$ cat final27.tsv   # TSV, C-alpha atoms (C1' of nucleotides) and all ligand atoms
chain	number	residue	atom	x	y	z
A	1	MET	CA	36.45	-35.48	-33.11
A	2	PHE	CA	34.76	-35.79	-36.48
A	3	SER	CA	32.69	-38.70	-37.76
A	4	LYS	CA	34.28	-40.92	-40.38
A	5	ALA	CA	31.85	-39.52	-42.92
A	6	CYS	CA	33.03	-36.02	-42.10
A	7	GLU	CA	36.70	-36.92	-42.31
A	8	TYR	CA	36.14	-38.49	-45.72
A	9	ALA	CA	34.06	-35.51	-46.81
A	10	ILE	CA	36.80	-33.03	-46.01
A	11	ARG	CA	39.50	-35.12	-47.61
A	12	ALA	CA	37.38	-35.73	-50.68
A	13	LEU	CA	36.57	-32.08	-51.16
A	14	LEU	CA	40.19	-31.08	-50.76
A	15	PHE	CA	41.06	-33.70	-53.34
A	16	VAL	CA	38.41	-32.42	-55.72
A	17	ALA	CA	39.56	-28.87	-55.10
A	18	GLN	CA	43.07	-29.75	-56.12
A	19	LYS	CA	41.92	-31.52	-59.29
A	20	SER	CA	39.51	-28.71	-60.11
A	21	LYS	CA	42.32	-26.21	-60.29
A	22	ASP	CA	42.50	-26.53	-64.08
A	23	GLY	CA	38.77	-26.96	-64.58
A	24	SER	CA	38.72	-30.73	-64.87
A	25	LYS	CA	36.33	-33.10	-63.13
A	26	VAL	CA	37.04	-36.15	-61.00
A	27	GLY	CA	35.14	-39.42	-60.89
A	28	ILE	CA	34.19	-41.28	-57.75
A	29	LYS	CA	36.69	-44.04	-58.30
A	30	GLU	CA	39.57	-41.65	-58.62
A	31	ILE	CA	38.46	-39.80	-55.52
A	32	ALA	CA	38.16	-42.99	-53.49
A	33	LYS	CA	41.64	-44.02	-54.53
A	34	GLY	CA	43.00	-40.56	-53.99
A	35	ILE	CA	41.89	-40.36	-50.40
A	36	ASP	CA	41.87	-44.08	-49.59
A	37	SER	CA	38.20	-44.38	-48.69
A	38	PRO	CA	35.43	-46.90	-49.43
A	39	GLU	CA	34.15	-46.06	-52.87
A	40	HIS	CA	30.42	-46.41	-52.35
A	41	PHE	CA	30.53	-44.71	-49.01
A	42	ILE	CA	32.21	-41.58	-50.25
A	43	ALA	CA	29.81	-41.64	-53.21
A	44	LYS	CA	26.89	-41.33	-50.80
A	45	ILE	CA	28.55	-38.56	-48.91
A	46	LEU	CA	29.31	-36.58	-52.03
A	47	GLN	CA	25.75	-37.02	-53.28
A	48	ASP	CA	24.63	-35.35	-50.10
A	49	LEU	CA	27.14	-32.55	-50.32
A	50	SER	CA	26.20	-32.08	-53.94
A	51	ARG	CA	22.52	-31.76	-53.11
A	52	LYS	CA	23.44	-29.15	-50.56
A	53	GLY	CA	25.63	-27.24	-52.95
A	54	LEU	CA	29.01	-27.81	-51.36
A	55	VAL	CA	30.31	-29.53	-54.45
A	56	LEU	CA	29.22	-29.56	-58.08
A	57	SER	CA	28.71	-32.61	-60.21
A	58	GLN	CA	27.94	-33.63	-63.74
A	59	LYS	CA	26.63	-36.95	-64.98
A	60	GLY	CA	27.60	-38.75	-68.11
A	61	PRO	CA	30.88	-39.22	-69.97
A	62	SER	CA	33.59	-36.78	-68.98
A	63	GLY	CA	31.46	-35.94	-65.98
A	64	GLY	CA	32.43	-36.06	-62.31
A	65	PHE	CA	32.74	-33.81	-59.30
A	66	TYR	CA	34.29	-30.38	-59.36
A	67	LEU	CA	34.43	-27.03	-57.62
A	68	ASP	CA	34.14	-23.56	-59.09
A	69	ASP	CA	35.48	-20.26	-57.80
A	70	SER	CA	32.57	-19.87	-55.47
A	71	THR	CA	32.67	-23.36	-53.94
A	72	LEU	CA	36.46	-23.30	-53.69
A	73	ASN	CA	35.92	-20.59	-51.12
A	74	ILE	CA	33.73	-22.71	-48.85
A	75	SER	CA	35.20	-23.21	-45.39
A	76	LEU	CA	35.85	-26.50	-43.68
A	77	ALA	CA	33.49	-25.24	-40.99
A	78	ASP	CA	30.67	-25.31	-43.53
A	79	VAL	CA	31.56	-28.86	-44.47
A	80	VAL	CA	31.71	-30.02	-40.87
A	81	ARG	CA	28.44	-28.32	-40.02
A	82	THR	CA	26.77	-29.94	-43.01
A	83	VAL	CA	27.96	-33.44	-42.22
A	84	ASP	CA	28.16	-33.52	-38.44
A	85	GLY	CA	25.89	-30.71	-37.37
A	86	ASP	CA	27.10	-28.04	-35.02
A	87	SER	CA	27.73	-30.05	-31.89
A	88	ILE	CA	31.43	-29.47	-32.26
A	89	PHE	CA	30.94	-25.73	-32.41
A	90	SER	CA	28.61	-25.37	-29.47
A	91	GLY	CA	28.20	-28.68	-27.66
A	92	CYS	CA	29.24	-29.39	-24.07
A	93	ALA	CA	32.47	-31.32	-23.57
A	94	LEU	CA	30.87	-33.55	-20.96
A	95	GLY	CA	27.61	-34.08	-22.79
A	96	LEU	CA	25.32	-31.79	-20.82
A	97	LYS	CA	22.19	-31.13	-22.82
A	98	GLN	CA	23.28	-27.62	-23.45
A	99	CYS	CA	26.51	-25.80	-22.84
A	100	SER	CA	25.83	-22.69	-20.87
A	101	GLU	CA	27.64	-20.01	-18.98
A	102	THR	CA	25.14	-20.10	-16.14
A	103	LYS	CA	25.20	-23.86	-15.61
A	104	PRO	CA	28.68	-24.79	-16.70
A	105	CYS	CA	30.17	-28.26	-16.49
A	106	PRO	CA	33.56	-28.64	-14.82
A	107	LEU	CA	35.41	-28.38	-18.10
A	108	HIS	CA	33.40	-25.49	-19.50
A	109	HIS	CA	35.71	-22.56	-18.91
A	110	GLU	CA	38.77	-24.30	-20.28
A	111	PHE	CA	36.92	-26.09	-23.03
A	112	LYS	CA	35.31	-22.97	-24.39
A	113	ARG	CA	38.69	-21.67	-25.47
A	114	ILE	CA	39.55	-24.92	-27.18
A	115	ARG	CA	36.21	-25.07	-28.94
A	116	ASP	CA	36.69	-21.53	-30.18
A	117	ASP	CA	40.14	-22.42	-31.47
A	118	ILE	CA	38.65	-25.32	-33.39
A	119	SER	CA	35.93	-23.10	-34.79
A	120	GLU	CA	38.46	-20.56	-35.94
A	121	MET	CA	40.68	-23.16	-37.52
A	122	LEU	CA	37.74	-24.56	-39.47
A	123	GLN	CA	36.24	-21.21	-40.34
A	124	THR	CA	39.54	-19.92	-41.67
A	125	ALA	CA	40.43	-22.96	-43.75
A	126	LYS	CA	38.95	-22.83	-47.25
A	127	LEU	CA	38.64	-25.72	-49.64
A	128	GLY	CA	40.85	-24.10	-52.27
A	129	GLU	CA	43.69	-22.97	-50.09
A	130	PHE	CA	45.66	-26.21	-49.81
A	131	ASN	CA	46.10	-26.87	-53.52
A	132	ALA	CA	49.65	-25.61	-53.81
A	133	LEU	CA	50.98	-27.57	-50.85
A	134	LEU	CA	49.10	-30.71	-51.86
A	135	GLU	CA	50.57	-30.41	-55.33
A	136	LYS	CA	54.06	-30.15	-53.91
A	137	ASN	CA	53.52	-33.16	-51.67
A	138	LYS	CA	53.93	-31.12	-48.55
A	139	LEU	CA	50.46	-32.19	-47.46
A	140	PHE	CA	48.72	-35.54	-47.78
A	141	LEU	CA	45.18	-36.86	-47.97
A	142	LYS	CA	45.85	-40.51	-47.30
A	143	ARG	CA	47.88	-42.95	-45.16
B	1	MET	CA	34.81	-35.33	-28.94
B	2	PHE	CA	34.34	-38.01	-26.29
B	3	SER	CA	32.14	-41.08	-26.52
B	4	LYS	CA	28.96	-41.08	-24.47
B	5	ALA	CA	30.50	-43.70	-22.21
B	6	CYS	CA	33.45	-41.42	-21.58
B	7	GLU	CA	31.30	-38.38	-20.84
B	8	TYR	CA	29.30	-40.41	-18.34
B	9	ALA	CA	32.49	-41.82	-16.85
B	10	ILE	CA	33.96	-38.41	-16.18
B	11	ARG	CA	30.75	-37.02	-14.76
B	12	ALA	CA	30.24	-40.10	-12.59
B	13	LEU	CA	33.75	-39.99	-11.19
B	14	LEU	CA	33.47	-36.29	-10.42
B	15	PHE	CA	30.19	-37.03	-8.68
B	16	VAL	CA	31.74	-39.84	-6.67
B	17	ALA	CA	34.71	-37.63	-5.86
B	18	GLN	CA	32.44	-35.00	-4.41
B	19	LYS	CA	30.50	-37.51	-2.31
B	20	SER	CA	33.71	-39.20	-1.20
B	21	LYS	CA	34.94	-36.04	0.39
B	22	ASP	CA	33.75	-37.15	3.82
B	23	GLY	CA	34.56	-40.83	3.30
B	24	SER	CA	31.08	-41.97	2.35
B	25	LYS	CA	30.17	-44.25	-0.54
B	26	VAL	CA	27.65	-43.77	-3.32
B	27	GLY	CA	25.37	-46.36	-4.90
B	28	ILE	CA	24.74	-46.73	-8.59
B	29	LYS	CA	21.22	-45.38	-8.40
B	30	GLU	CA	22.30	-42.22	-6.68
B	31	ILE	CA	25.08	-41.75	-9.22
B	32	ALA	CA	22.74	-42.27	-12.16
B	33	LYS	CA	20.36	-39.70	-10.75
B	34	GLY	CA	23.14	-37.34	-9.83
B	35	ILE	CA	24.53	-37.17	-13.34
B	36	ASP	CA	21.35	-37.94	-15.26
B	37	SER	CA	22.55	-41.07	-17.01
B	38	PRO	CA	21.06	-44.51	-17.78
B	39	GLU	CA	21.50	-46.53	-14.60
B	40	HIS	CA	22.61	-49.87	-16.05
B	41	PHE	CA	24.87	-48.23	-18.56
B	42	ILE	CA	26.84	-46.24	-16.02
B	43	ALA	CA	26.97	-49.37	-13.87
B	44	LYS	CA	28.83	-51.19	-16.63
B	45	ILE	CA	31.19	-48.32	-17.13
B	46	LEU	CA	32.00	-48.07	-13.44
B	47	GLN	CA	32.58	-51.82	-13.22
B	48	ASP	CA	35.21	-51.37	-15.89
B	49	LEU	CA	36.81	-48.40	-14.21
B	50	SER	CA	36.75	-50.27	-10.94
B	51	ARG	CA	38.54	-53.27	-12.42
B	52	LYS	CA	41.15	-50.92	-13.76
B	53	GLY	CA	41.57	-49.17	-10.45
B	54	LEU	CA	40.22	-45.73	-11.35
B	55	VAL	CA	37.51	-45.99	-8.75
B	56	LEU	CA	37.06	-48.13	-5.65
B	57	SER	CA	33.96	-50.11	-4.77
B	58	GLN	CA	32.51	-52.19	-2.02
B	59	LYS	CA	29.69	-54.69	-2.25
B	60	GLY	CA	26.94	-55.25	0.25
B	61	PRO	CA	24.94	-52.97	2.55
B	62	SER	CA	26.45	-49.54	3.03
B	63	GLY	CA	28.66	-50.34	0.07
B	64	GLY	CA	29.05	-48.35	-3.13
B	65	PHE	CA	31.67	-46.48	-5.11
B	66	TYR	CA	34.24	-44.17	-3.61
B	67	LEU	CA	37.63	-42.58	-4.11
B	68	ASP	CA	40.53	-42.35	-1.72
B	69	ASP	CA	43.35	-39.82	-1.56
B	70	SER	CA	45.26	-41.62	-4.25
B	71	THR	CA	42.40	-42.00	-6.73
B	72	LEU	CA	41.19	-38.47	-6.09
B	73	ASN	CA	44.41	-37.42	-7.72
B	74	ILE	CA	43.78	-39.28	-10.98
B	75	SER	CA	43.59	-36.99	-14.00
B	76	LEU	CA	40.75	-36.74	-16.48
B	77	ALA	CA	43.33	-37.70	-19.08
B	78	ASP	CA	43.68	-41.09	-17.40
B	79	VAL	CA	39.93	-41.54	-17.46
B	80	VAL	CA	39.63	-40.59	-21.11
B	81	ARG	CA	42.51	-42.82	-22.09
B	82	THR	CA	40.96	-45.73	-20.22
B	83	VAL	CA	37.54	-45.36	-21.79
B	84	ASP	CA	38.25	-43.99	-25.26
B	85	GLY	CA	41.84	-44.97	-25.87
B	86	ASP	CA	44.37	-42.39	-26.93
B	87	SER	CA	43.04	-41.38	-30.31
B	88	ILE	CA	42.18	-37.98	-28.94
B	89	PHE	CA	45.73	-37.45	-27.73
B	90	SER	CA	47.53	-38.53	-30.85
B	91	GLY	CA	45.08	-39.24	-33.66
B	92	CYS	CA	44.87	-37.36	-36.95
B	93	ALA	CA	42.09	-34.79	-37.29
B	94	LEU	CA	41.23	-36.03	-40.77
B	95	GLY	CA	41.47	-39.72	-40.00
B	96	LEU	CA	44.80	-40.55	-41.61
B	97	LYS	CA	46.04	-43.86	-40.26
B	98	GLN	CA	48.70	-42.10	-38.33
B	99	CYS	CA	49.37	-38.48	-37.57
B	100	SER	CA	52.89	-37.64	-38.57
B	101	GLU	CA	55.11	-34.67	-39.05
B	102	THR	CA	56.55	-36.05	-42.25
B	103	LYS	CA	53.24	-36.87	-43.94
B	104	PRO	CA	50.91	-34.28	-42.42
B	105	CYS	CA	47.29	-33.81	-43.37
B	106	PRO	CA	46.12	-30.31	-44.27
B	107	LEU	CA	44.97	-29.59	-40.73
B	108	HIS	CA	47.99	-31.07	-39.01
B	109	HIS	CA	49.96	-27.99	-38.09
B	110	GLU	CA	46.99	-26.13	-36.69
B	111	PHE	CA	45.41	-29.16	-35.14
B	112	LYS	CA	48.50	-30.21	-33.26
B	113	ARG	CA	48.26	-27.11	-31.08
B	114	ILE	CA	44.62	-27.77	-30.34
B	115	ARG	CA	45.27	-31.39	-29.53
B	116	ASP	CA	48.01	-30.39	-27.15
B	117	ASP	CA	45.71	-27.90	-25.47
B	118	ILE	CA	43.17	-30.64	-24.95
B	119	SER	CA	45.83	-32.96	-23.57
B	120	GLU	CA	47.00	-30.33	-21.14
B	121	MET	CA	43.49	-29.50	-20.00
B	122	LEU	CA	42.81	-33.18	-19.29
B	123	GLN	CA	46.17	-33.89	-17.78
B	124	THR	CA	45.88	-30.96	-15.41
B	125	ALA	CA	42.34	-31.65	-14.24
B	126	LYS	CA	42.21	-34.06	-11.31
B	127	LEU	CA	39.14	-35.89	-10.09
B	128	GLY	CA	39.23	-34.25	-6.69
B	129	GLU	CA	39.76	-30.67	-7.69
B	130	PHE	CA	36.20	-29.69	-8.52
B	131	ASN	CA	34.60	-30.64	-5.22
B	132	ALA	CA	34.43	-27.17	-3.74
B	133	LEU	CA	32.86	-25.55	-6.79
B	134	LEU	CA	30.43	-28.44	-7.29
B	135	GLU	CA	29.39	-28.10	-3.66
B	136	LYS	CA	28.73	-24.41	-4.08
B	137	ASN	CA	26.71	-25.01	-7.23
B	138	LYS	CA	29.12	-23.11	-9.36
B	139	LEU	CA	29.60	-26.21	-11.51
B	140	PHE	CA	27.11	-28.81	-12.67
B	141	LEU	CA	27.10	-32.45	-13.71
B	142	LYS	CA	23.69	-32.60	-15.34
B	143	ARG	CA	21.26	-30.72	-17.61
C	1	DA	C1'	19.39	-41.90	-82.45
C	2	DA	C1'	22.38	-45.31	-79.94
C	3	DA	C1'	25.82	-46.60	-76.82
C	4	DG	C1'	28.45	-45.86	-73.12
C	5	DA	C1'	29.79	-43.31	-69.08
C	6	DA	C1'	29.08	-41.50	-64.79
C	7	DA	C1'	26.39	-39.74	-60.88
C	8	DA	C1'	21.86	-40.52	-58.19
C	9	DA	C1'	18.99	-43.33	-55.71
C	10	DG	C1'	17.51	-47.08	-52.98
C	11	DA	C1'	17.83	-51.07	-50.46
C	12	DC	C1'	20.80	-53.94	-47.68
C	13	DA	C1'	24.47	-55.69	-44.49
C	14	DA	C1'	27.91	-55.45	-40.96
C	15	DA	C1'	29.96	-53.43	-37.08
C	16	DA	C1'	30.11	-50.48	-33.30
C	17	DA	C1'	28.02	-47.81	-29.71
C	18	DA	C1'	24.51	-47.13	-26.52
C	19	DC	C1'	21.42	-48.98	-23.54
C	20	DT	C1'	18.53	-52.85	-20.82
C	21	DC	C1'	17.51	-56.80	-18.15
C	22	DT	C1'	18.50	-60.87	-15.33
C	23	DT	C1'	21.31	-63.62	-12.50
C	24	DT	C1'	25.23	-64.20	-9.48
C	25	DT	C1'	28.50	-63.08	-5.94
C	26	DA	C1'	30.21	-60.68	-2.04
C	27	DT	C1'	29.39	-58.13	2.17
C	28	DT	C1'	27.17	-56.22	6.00
C	29	DT	C1'	24.00	-56.17	9.67
C	30	DG	C1'	20.60	-57.81	12.80
D	1	DC	C1'	23.33	-67.77	10.59
D	2	DA	C1'	19.74	-65.34	7.79
D	3	DA	C1'	18.28	-61.65	5.33
D	4	DA	C1'	18.98	-57.77	2.90
D	5	DT	C1'	21.87	-54.91	0.11
D	6	DA	C1'	24.77	-53.56	-3.44
D	7	DA	C1'	28.22	-54.36	-6.93
D	8	DA	C1'	29.81	-57.86	-10.65
D	9	DA	C1'	28.89	-60.49	-14.41
D	10	DG	C1'	26.65	-62.00	-18.43
D	11	DA	C1'	23.54	-62.02	-21.99
D	12	DG	C1'	20.65	-59.57	-24.70
D	13	DT	C1'	18.38	-55.44	-27.53
D	14	DT	C1'	18.21	-51.12	-30.02
D	15	DT	C1'	20.09	-47.52	-32.48
D	16	DT	C1'	23.59	-45.31	-35.08
D	17	DT	C1'	27.40	-45.44	-37.98
D	18	DT	C1'	29.86	-47.38	-41.51
D	19	DG	C1'	30.10	-49.77	-45.55
D	20	DT	C1'	28.24	-52.60	-49.83
D	21	DC	C1'	25.56	-53.80	-53.84
D	22	DT	C1'	22.18	-53.07	-57.52
D	23	DT	C1'	19.36	-50.38	-60.34
D	24	DT	C1'	18.00	-46.02	-62.36
D	25	DT	C1'	18.60	-41.65	-64.35
D	26	DT	C1'	21.06	-38.26	-66.83
D	27	DC	C1'	24.34	-36.71	-69.89
D	28	DT	C1'	27.90	-36.91	-73.58
D	29	DT	C1'	29.86	-38.55	-77.53
D	30	DT	C1'	29.78	-40.76	-81.71
A	201	LIG	S1	28.80	-26.61	-20.17
A	201	LIG	FE1	30.19	-28.17	-20.68
A	201	LIG	S2	31.38	-27.12	-22.12
A	201	LIG	FE2	30.01	-25.56	-21.60
A	202	LIG	S1	48.42	-35.76	-39.80
A	202	LIG	FE1	46.43	-35.08	-39.50
A	202	LIG	S2	46.61	-34.17	-37.58
A	202	LIG	FE2	48.64	-34.84	-37.87
$ encode --input "final27.tsv" --output "structure tokens"
Amino acid sequence: MFSKACEYAIRALLFVAQKSKDGSKVGIKEIAKGIDSPEHFIAKILQDLSRKGLVLSQKGPSGGFYLDDSTLNISLADVVRTVDGDSIFSGCALGLKQCSETKPCPLHHEFKRIRDDISEMLQTAKLGEFNALLEKNKLFLKR
Amino acid sequence: MFSKACEYAIRALLFVAQKSKDGSKVGIKEIAKGIDSPEHFIAKILQDLSRKGLVLSQKGPSGGFYLDDSTLNISLADVVRTVDGDSIFSGCALGLKQCSETKPCPLHHEFKRIRDDISEMLQTAKLGEFNALLEKNKLFLKR
DNA sequence: AAAGAAAAAGACAAAAAACTCTTTTATTTG
DNA sequence: CAAATAAAAGAGTTTTTTGTCTTTTTCTTT
């Protein structure tokens, strides 16, 4: 469904979101532990997301990654699009070069609905909205 | 969503299904052209599917791949499971080692519905059921 | 200003996926 | 039987994805 990089990205940002609640910043090592991902790999991914403005960062002592009110409102759809491109939002289920109504693949009509459901799920979900449930251990980012 | 191998597999089997309607067999080259896929790659994939009984084959002149009444009734779910395993049917959207109700990831509750929709779509779709629409050019397997 | 901390950058390495090429084996047909 | 045909098998290659390691830059704190 998503690439590994994208899965890590989402989990990392949700982790950062949670920790950012009280304005504090999180280091790479803590993030990697918190979401059970390879440290250097998630570092790369976050560098990318940082360059593209989906997460904020600060170097030096007491630095780290964090989100502000604006970035806490970013949708998972934005994250997915940034990391994986928009194939999941508009690509053909059977790999035709381009999904189209006029030359549909055998799964097109059924798949369209599913794809739209995925889009809506991702568009609706915002980085900041899971903090409470994560805090209460009703939701998990690893294992 | 699916691996390239799996996309090709589905398209190839639907192509073979269509051509098998009147009991004839299709060679690899015709299949590759018919679904616009790398010839040797789809050959490998079909060898696999053949070994596992999802498609029938015959060597020698006038040989090729074909489906009989029994295999025409195989579901796309079977094909996907054979090629890609069952991660799409039961895996976690965010890559947790195991999707579970008791330790759900943030997307779990929404994603479960989507995953089930996908399962149903694939379980319902049988290899033989698209022949008529493919014949009439209402459905396509390439471009 | 100096030291230390932490992200950024860059260069590799390993593994998996996608794709290619060659040889072998089985089957049909003349 | 001989020749031709077509899948099966096996052994690569290339590309992409995933993951690691080292160095550099920037910032904070003392
Ligand atoms: S053409 Fe395949 S999903 Fe639309
Ligand atoms: S735990 Fe992630 S989808 Fe079920």
$ residues_around --input "final27.tsv" --residues "Ser50 in chain A" --least-positions-apart "4" --cutoff "12 Å" --atoms "all atoms listed in the file" --output "list in words"
Ala9, Leu13, Ile42, Ala43, Lys44, Ile45, Leu46, Leu54, Val55, Leu56, Ser57, Gln58, Gly64, Phe65, Tyr66, Leu67, Thr71, Val79, Thr82 and Val83 of chain A; DA7 and DA8 of chain C
$ residues_around --input "final27.tsv" --residues "Leu14 in chain A" --least-positions-apart "3" --cutoff "10 Å" --atoms "only C-alpha atoms (C1' of nucleotides)" --output "list in words"
Tyr8, Ala9, Ile10, Arg11, Ala17, Gln18, Lys19, Ser20, Ile35, Leu67, Leu72, Leu76, Lys126, Leu127, Gly128, Glu129, Phe130, Asn131, Leu134 and Leu141 of chain A; Pro106 of chain B
$ write_last_selection --input "final27.tsv" --atoms "C-alpha atoms" --output "PDB file, in the frame of the given file"
ATOM      1  CA  TYR A   8      36.140 -38.490 -45.720  1.00  0.00           C
ATOM      2  CA  ALA A   9      34.060 -35.510 -46.810  1.00  0.00           C
ATOM      3  CA  ILE A  10      36.800 -33.030 -46.010  1.00  0.00           C
ATOM      4  CA  ARG A  11      39.500 -35.120 -47.610  1.00  0.00           C
ATOM      5  CA  ALA A  17      39.560 -28.870 -55.100  1.00  0.00           C
ATOM      6  CA  GLN A  18      43.070 -29.750 -56.120  1.00  0.00           C
ATOM      7  CA  LYS A  19      41.920 -31.520 -59.290  1.00  0.00           C
ATOM      8  CA  SER A  20      39.510 -28.710 -60.110  1.00  0.00           C
ATOM      9  CA  ILE A  35      41.890 -40.360 -50.400  1.00  0.00           C
ATOM     10  CA  LEU A  67      34.430 -27.030 -57.620  1.00  0.00           C
ATOM     11  CA  LEU A  72      36.460 -23.300 -53.690  1.00  0.00           C
ATOM     12  CA  LEU A  76      35.850 -26.500 -43.680  1.00  0.00           C
ATOM     13  CA  LYS A 126      38.950 -22.830 -47.250  1.00  0.00           C
ATOM     14  CA  LEU A 127      38.640 -25.720 -49.640  1.00  0.00           C
ATOM     15  CA  GLY A 128      40.850 -24.100 -52.270  1.00  0.00           C
ATOM     16  CA  GLU A 129      43.690 -22.970 -50.090  1.00  0.00           C
ATOM     17  CA  PHE A 130      45.660 -26.210 -49.810  1.00  0.00           C
ATOM     18  CA  ASN A 131      46.100 -26.870 -53.520  1.00  0.00           C
ATOM     19  CA  LEU A 134      49.100 -30.710 -51.860  1.00  0.00           C
ATOM     20  CA  LEU A 141      45.180 -36.860 -47.970  1.00  0.00           C
TER      21      LEU A 141
ATOM     22  CA  PRO B 106      46.120 -30.310 -44.270  1.00  0.00           C
TER      23      PRO B 106
END
$ interface_residues --input "final27.tsv" --of "chain D" --to "chain B" --cutoff "8 Å" --atoms "all atoms listed in the file" --output "PyMOL selection string"
chain D and resi 4-8
$ residues_around --input "final27.tsv" --residues "DA2 in chain D" --least-positions-apart "2" --cutoff "12 Å" --atoms "all atoms listed in the file" --output "list in words"
DT28, DT29 and DG30 of chain C; DA4 of chain D
$ interface_residues --input "final27.tsv" --of "chain C" --to "chain A" --cutoff "12 Å" --atoms "all atoms listed in the file" --output "list in words"
DA3, DG4, DA5, DA6, DA7, DA8, DA9 and DG10 of chain C
$ interface_residues --input "final27.tsv" --of "chain A" --to "chain B" --cutoff "9 Å" --atoms "only C-alpha atoms" --output "PyMOL selection string"
chain A and resi 1-2+4+6-8+10-11+14+88+93-99+102-108+110-111+114-115+117-118+121-122+125+130+133-134+137-143
$ build_atoms --input "final27.tsv" --residues "range 75-80 of chain A" --atoms "all heavy atoms" --output "JSON list (two decimals), in the frame of the given file"
[["chain", "number", "residue", "atom", "x", "y", "z"],
["A", 75, "SER", "N", 34.31, -22.90, -46.50],
["A", 75, "SER", "CA", 35.20, -23.21, -45.39],
["A", 75, "SER", "C", 34.98, -24.64, -44.90],
["A", 75, "SER", "O", 33.91, -25.22, -45.07],
["A", 75, "SER", "CB", 34.95, -22.25, -44.23],
["A", 75, "SER", "OG", 33.70, -22.54, -43.64],
["A", 76, "LEU", "N", 36.00, -25.18, -44.27],
["A", 76, "LEU", "CA", 35.85, -26.50, -43.68],
["A", 76, "LEU", "C", 34.77, -26.49, -42.61],
["A", 76, "LEU", "O", 34.09, -27.50, -42.39],
["A", 76, "LEU", "CB", 37.17, -26.98, -43.07],
["A", 76, "LEU", "CG", 38.34, -27.19, -44.03],
["A", 76, "LEU", "CD1", 39.37, -28.11, -43.39],
["A", 76, "LEU", "CD2", 37.88, -27.78, -45.34],
["A", 77, "ALA", "N", 34.56, -25.36, -41.98],
["A", 77, "ALA", "CA", 33.49, -25.24, -40.99],
["A", 77, "ALA", "C", 32.13, -25.54, -41.62],
["A", 77, "ALA", "O", 31.31, -26.25, -41.04],
["A", 77, "ALA", "CB", 33.48, -23.85, -40.37],
["A", 78, "ASP", "N", 31.93, -25.05, -42.83],
["A", 78, "ASP", "CA", 30.67, -25.31, -43.53],
["A", 78, "ASP", "C", 30.51, -26.81, -43.79],
["A", 78, "ASP", "O", 29.43, -27.37, -43.63],
["A", 78, "ASP", "CB", 30.64, -24.57, -44.88],
["A", 78, "ASP", "CG", 30.49, -23.07, -44.69],
["A", 78, "ASP", "OD1", 29.84, -22.66, -43.70],
["A", 78, "ASP", "OD2", 31.04, -22.32, -45.51],
["A", 79, "VAL", "N", 31.60, -27.43, -44.19],
["A", 79, "VAL", "CA", 31.56, -28.86, -44.47],
["A", 79, "VAL", "C", 31.21, -29.63, -43.20],
["A", 79, "VAL", "O", 30.32, -30.48, -43.18],
["A", 79, "VAL", "CB", 32.91, -29.36, -45.04],
["A", 79, "VAL", "CG1", 32.84, -30.85, -45.32],
["A", 79, "VAL", "CG2", 33.27, -28.58, -46.30],
["A", 80, "VAL", "N", 31.93, -29.34, -42.13],
["A", 80, "VAL", "CA", 31.71, -30.02, -40.87],
["A", 80, "VAL", "C", 30.27, -29.83, -40.39],
["A", 80, "VAL", "O", 29.60, -30.77, -39.98],
["A", 80, "VAL", "CB", 32.70, -29.54, -39.79],
["A", 80, "VAL", "CG1", 32.32, -30.10, -38.42],
["A", 80, "VAL", "CG2", 34.11, -29.95, -40.15]]
